[in-house]
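Notes follow the structure.
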Amino acid sequence: MVPVVQLFARDVPELAFPEGMDILQLVWCPLIHPRDQACAALPKLYWRSEADVLAAGVLRDIPAPREGEYEEEFMPSPCTVSPTPVVEYPNWDLPRELGQTLQPRIEELEERFSMEYTLLACALQNKVGGYPAWNQSPDWPVCDRGHRMEHLLSVTPEEDLDMVMGDLGGIYIFLCRQCPELPYAHRYDC
């Protein structure tokens, strides 16, 4: 497992942390797992308390697998993040009538800026919350109780991370806040 993202509650006040937790950590196995639906890196999500983490001791070195024990495209480079709030205007998943109403406006924007609407209206970078900037048709996971999960994180192939991840897609992490155990799922969108 390699570290991918660590967020402190103080740095992302928009993100609701479980009670008593103030660190969110995402790690993943950087091997391709053919049995996994995503057939990509296999993520694990941890909610922790900073006090408990500090009491247990902090690692001096970043864990890294040995050469040959990983897929290069799923190995992030160490970096820092500076969260910035943004408003997104997705065009996928809209109610049918609203989508039909907005389609001429979307086409006008694409023509005016010579750019695909998603590039104009959605944050395609690594992000917390917001809307997954799907490359493929949306594939929202549901938990075992049938609740549609919310988008929690996007990890995308950005320059800072030096990752490619397929055809420049991303791994999206989803969370069900309706269930007390906070189940999560992921999708690989390339």
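Letters A, B, ... go to the chains of the structure tokens in the order shown; residues in each chain start at 1; ligands are counted from 1 in the same order.
Excluding Glu50 of chain A itself and any same-chain residue fewer than 5 positions from it, the protein and nucleic acid residues within 8 Å of it, counting only C-alpha atoms, are A:Met21, A:Asp22, A:Ile23.
For the pair atom CA of Pro18 of chain A and atom CA of Gln178 of chain A, the interatomic distance is 12.1 Å.
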I'd like a table as CSV: residues in segment 69-118 of chain A with an atom no more than 10 Å from segment 28-49 of chain A, each row giving the shortest atom pair and its distance in Å to one decimal, only C-alpha atoms counted, sorted by chain and rising residue number.
```
residue,atom,partner,partner_atom,distance
A:Glu69,CA,A:Leu31,CA,7.1
A:Tyr70,CA,A:Leu31,CA,4.8
A:Glu71,CA,A:Leu31,CA,5.3
A:Glu72,CA,A:Pro30,CA,7.8
A:Glu73,CA,A:Pro30,CA,8.2
A:Phe74,CA,A:Pro30,CA,5.1
A:Met75,CA,A:Pro30,CA,6.2
A:Pro76,CA,A:Pro30,CA,9.2
```
Could you name the residues that touch segment 94-107 of chain A at 12 Å or less, counting only C-alpha atoms, but leaving out those on the same chain fewer than 4 positions away, as a ChimeraX atom specification? /A:89-90,111-121,138
So that I can check the surroundings of segment 174-177 of chain A, please list as a ChimeraX atom specification every protein, DNA and RNA residue that reaches within 10 Å of it, counting only C-alpha atoms and ignoring chain neighbours fewer than 2 positions away. /A:16,18,45,129,132,140-154,171-172,179-187
Could those residues be written to a file, using N, CA, C and O atoms, as a short mmCIF file (atom, residue, chain, number, x, y, z; two decimals), in the first residue's frame?
```cif
data_model
loop_
_atom_site.label_atom_id
_atom_site.label_comp_id
_atom_site.auth_asym_id
_atom_site.auth_seq_id
_atom_site.Cartn_x
_atom_site.Cartn_y
_atom_site.Cartn_z
N ALA A 16 -17.33 17.04 5.79
CA ALA A 16 -17.81 16.57 7.09
C ALA A 16 -17.04 15.30 7.48
O ALA A 16 -17.11 14.29 6.78
N PRO A 18 -16.28 12.21 10.29
CA PRO A 18 -17.00 11.51 11.35
C PRO A 18 -16.60 12.08 12.71
O PRO A 18 -15.47 12.56 12.88
N LEU A 45 -9.64 3.46 2.45
CA LEU A 45 -9.92 4.76 3.04
C LEU A 45 -9.91 4.62 4.57
O LEU A 45 -10.48 3.67 5.10
N GLY A 129 -14.97 16.15 -2.76
CA GLY A 129 -16.36 16.52 -3.03
C GLY A 129 -16.57 16.94 -4.47
O GLY A 129 -15.81 16.60 -5.36
N PRO A 132 -17.80 14.04 -9.85
CA PRO A 132 -16.75 13.32 -10.57
C PRO A 132 -16.80 13.72 -12.05
O PRO A 132 -17.85 13.67 -12.66
N TRP A 140 -22.45 5.64 -10.73
CA TRP A 140 -22.54 5.90 -9.29
C TRP A 140 -22.73 4.58 -8.55
O TRP A 140 -23.65 3.82 -8.83
N PRO A 141 -21.88 4.31 -7.56
CA PRO A 141 -22.06 3.09 -6.78
C PRO A 141 -23.19 3.27 -5.75
O PRO A 141 -23.52 4.38 -5.37
N VAL A 142 -23.73 2.14 -5.35
CA VAL A 142 -24.70 2.11 -4.24
C VAL A 142 -24.13 1.19 -3.16
O VAL A 142 -23.40 0.26 -3.46
N CYS A 143 -24.47 1.48 -1.92
CA CYS A 143 -23.99 0.65 -0.82
C CYS A 143 -24.83 -0.62 -0.76
O CYS A 143 -25.79 -0.79 -1.50
N ASP A 144 -24.48 -1.50 0.15
CA ASP A 144 -25.21 -2.77 0.28
C ASP A 144 -26.67 -2.58 0.66
O ASP A 144 -27.50 -3.45 0.42
N ARG A 145 -27.01 -1.43 1.24
CA ARG A 145 -28.40 -1.14 1.62
C ARG A 145 -29.16 -0.41 0.51
O ARG A 145 -30.30 -0.03 0.70
N GLY A 146 -28.48 -0.17 -0.62
CA GLY A 146 -29.16 0.43 -1.76
C GLY A 146 -29.11 1.95 -1.85
O GLY A 146 -29.75 2.54 -2.70
N HIS A 147 -28.33 2.61 -0.98
CA HIS A 147 -28.20 4.07 -1.03
C HIS A 147 -27.18 4.46 -2.10
O HIS A 147 -26.10 3.88 -2.15
N ARG A 148 -27.52 5.46 -2.90
CA ARG A 148 -26.54 5.98 -3.85
C ARG A 148 -25.47 6.71 -3.05
O ARG A 148 -25.77 7.58 -2.22
N MET A 149 -24.22 6.39 -3.31
CA MET A 149 -23.12 6.99 -2.57
C MET A 149 -22.78 8.37 -3.13
O MET A 149 -23.04 8.65 -4.29
N GLU A 150 -22.20 9.20 -2.28
CA GLU A 150 -21.78 10.54 -2.71
C GLU A 150 -20.31 10.53 -3.10
O GLU A 150 -19.52 9.72 -2.60
N HIS A 151 -19.94 11.43 -4.00
CA HIS A 151 -18.55 11.54 -4.41
C HIS A 151 -17.75 12.16 -3.27
O HIS A 151 -18.10 13.21 -2.75
N LEU A 152 -16.68 11.50 -2.87
CA LEU A 152 -15.84 11.98 -1.78
C LEU A 152 -14.54 12.57 -2.30
O LEU A 152 -14.17 13.68 -1.93
N LEU A 153 -13.84 11.84 -3.17
CA LEU A 153 -12.53 12.27 -3.66
C LEU A 153 -12.35 11.88 -5.12
O LEU A 153 -12.84 10.85 -5.55
N SER A 154 -11.61 12.69 -5.83
CA SER A 154 -11.12 12.33 -7.17
C SER A 154 -9.60 12.38 -7.13
O SER A 154 -9.03 13.36 -6.64
N ILE A 171 -9.41 7.95 -10.51
CA ILE A 171 -10.05 7.04 -9.58
C ILE A 171 -10.90 7.90 -8.66
O ILE A 171 -10.41 8.85 -8.06
N TYR A 172 -12.17 7.57 -8.61
CA TYR A 172 -13.13 8.33 -7.82
C TYR A 172 -13.52 7.48 -6.61
O TYR A 172 -13.83 6.30 -6.74
N CYS A 179 -25.23 5.29 5.99
CA CYS A 179 -24.94 4.09 6.77
C CYS A 179 -23.92 4.44 7.86
O CYS A 179 -22.92 5.10 7.57
N PRO A 180 -24.13 4.00 9.10
CA PRO A 180 -23.25 4.39 10.20
C PRO A 180 -21.81 3.94 10.04
O PRO A 180 -20.89 4.59 10.53
N GLU A 181 -21.58 2.83 9.33
CA GLU A 181 -20.19 2.34 9.18
C GLU A 181 -19.45 3.04 8.04
O GLU A 181 -18.29 2.76 7.79
N LEU A 182 -20.11 4.00 7.38
CA LEU A 182 -19.52 4.79 6.30
C LEU A 182 -18.84 3.93 5.22
O LEU A 182 -17.65 4.09 4.93
N PRO A 183 -19.59 3.03 4.60
CA PRO A 183 -18.97 2.23 3.53
C PRO A 183 -18.53 3.12 2.37
O PRO A 183 -19.10 4.19 2.14
N TYR A 184 -17.51 2.65 1.67
CA TYR A 184 -17.01 3.42 0.53
C TYR A 184 -16.81 2.48 -0.65
O TYR A 184 -16.75 1.26 -0.51
N ALA A 185 -16.73 3.07 -1.82
CA ALA A 185 -16.50 2.32 -3.05
C ALA A 185 -15.66 3.20 -3.96
O ALA A 185 -15.46 4.37 -3.68
N HIS A 186 -15.17 2.62 -5.02
CA HIS A 186 -14.38 3.40 -5.98
C HIS A 186 -14.75 3.02 -7.41
O HIS A 186 -15.31 1.96 -7.66
N ARG A 187 -14.46 3.93 -8.29
CA ARG A 187 -14.63 3.70 -9.72
C ARG A 187 -13.37 4.20 -10.41
O ARG A 187 -12.82 5.23 -10.03
#
```
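With only C-alpha atoms as the atoms that count, the minimum distance from Pro85 of chain A to the choices A:Ala51, A:Val12, A:Leu124, A:Ala133 is reached by A:Val12.
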Using only C-alpha atoms, which of A:Val155, A:Glu67, A:Asp139, A:Asp61 sits nearest Asn126 of chain A? A:Val155
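From atom CA of Leu59 of chain A back to atom CA of Cys79 of chain A, the distance works out to 16.1 Å.
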List the spatial neighbours of Thr84 of chain A as a list in words - criterion: any atom at most 12 Å away, only C-alpha atoms, same-chain residues fewer than 5 positions off excluded. Asp11, Val12, Pro13, Glu14, Ala123, Gln125, Asn126, Lys127, Val128, Gly129 and Gly130 of chain A
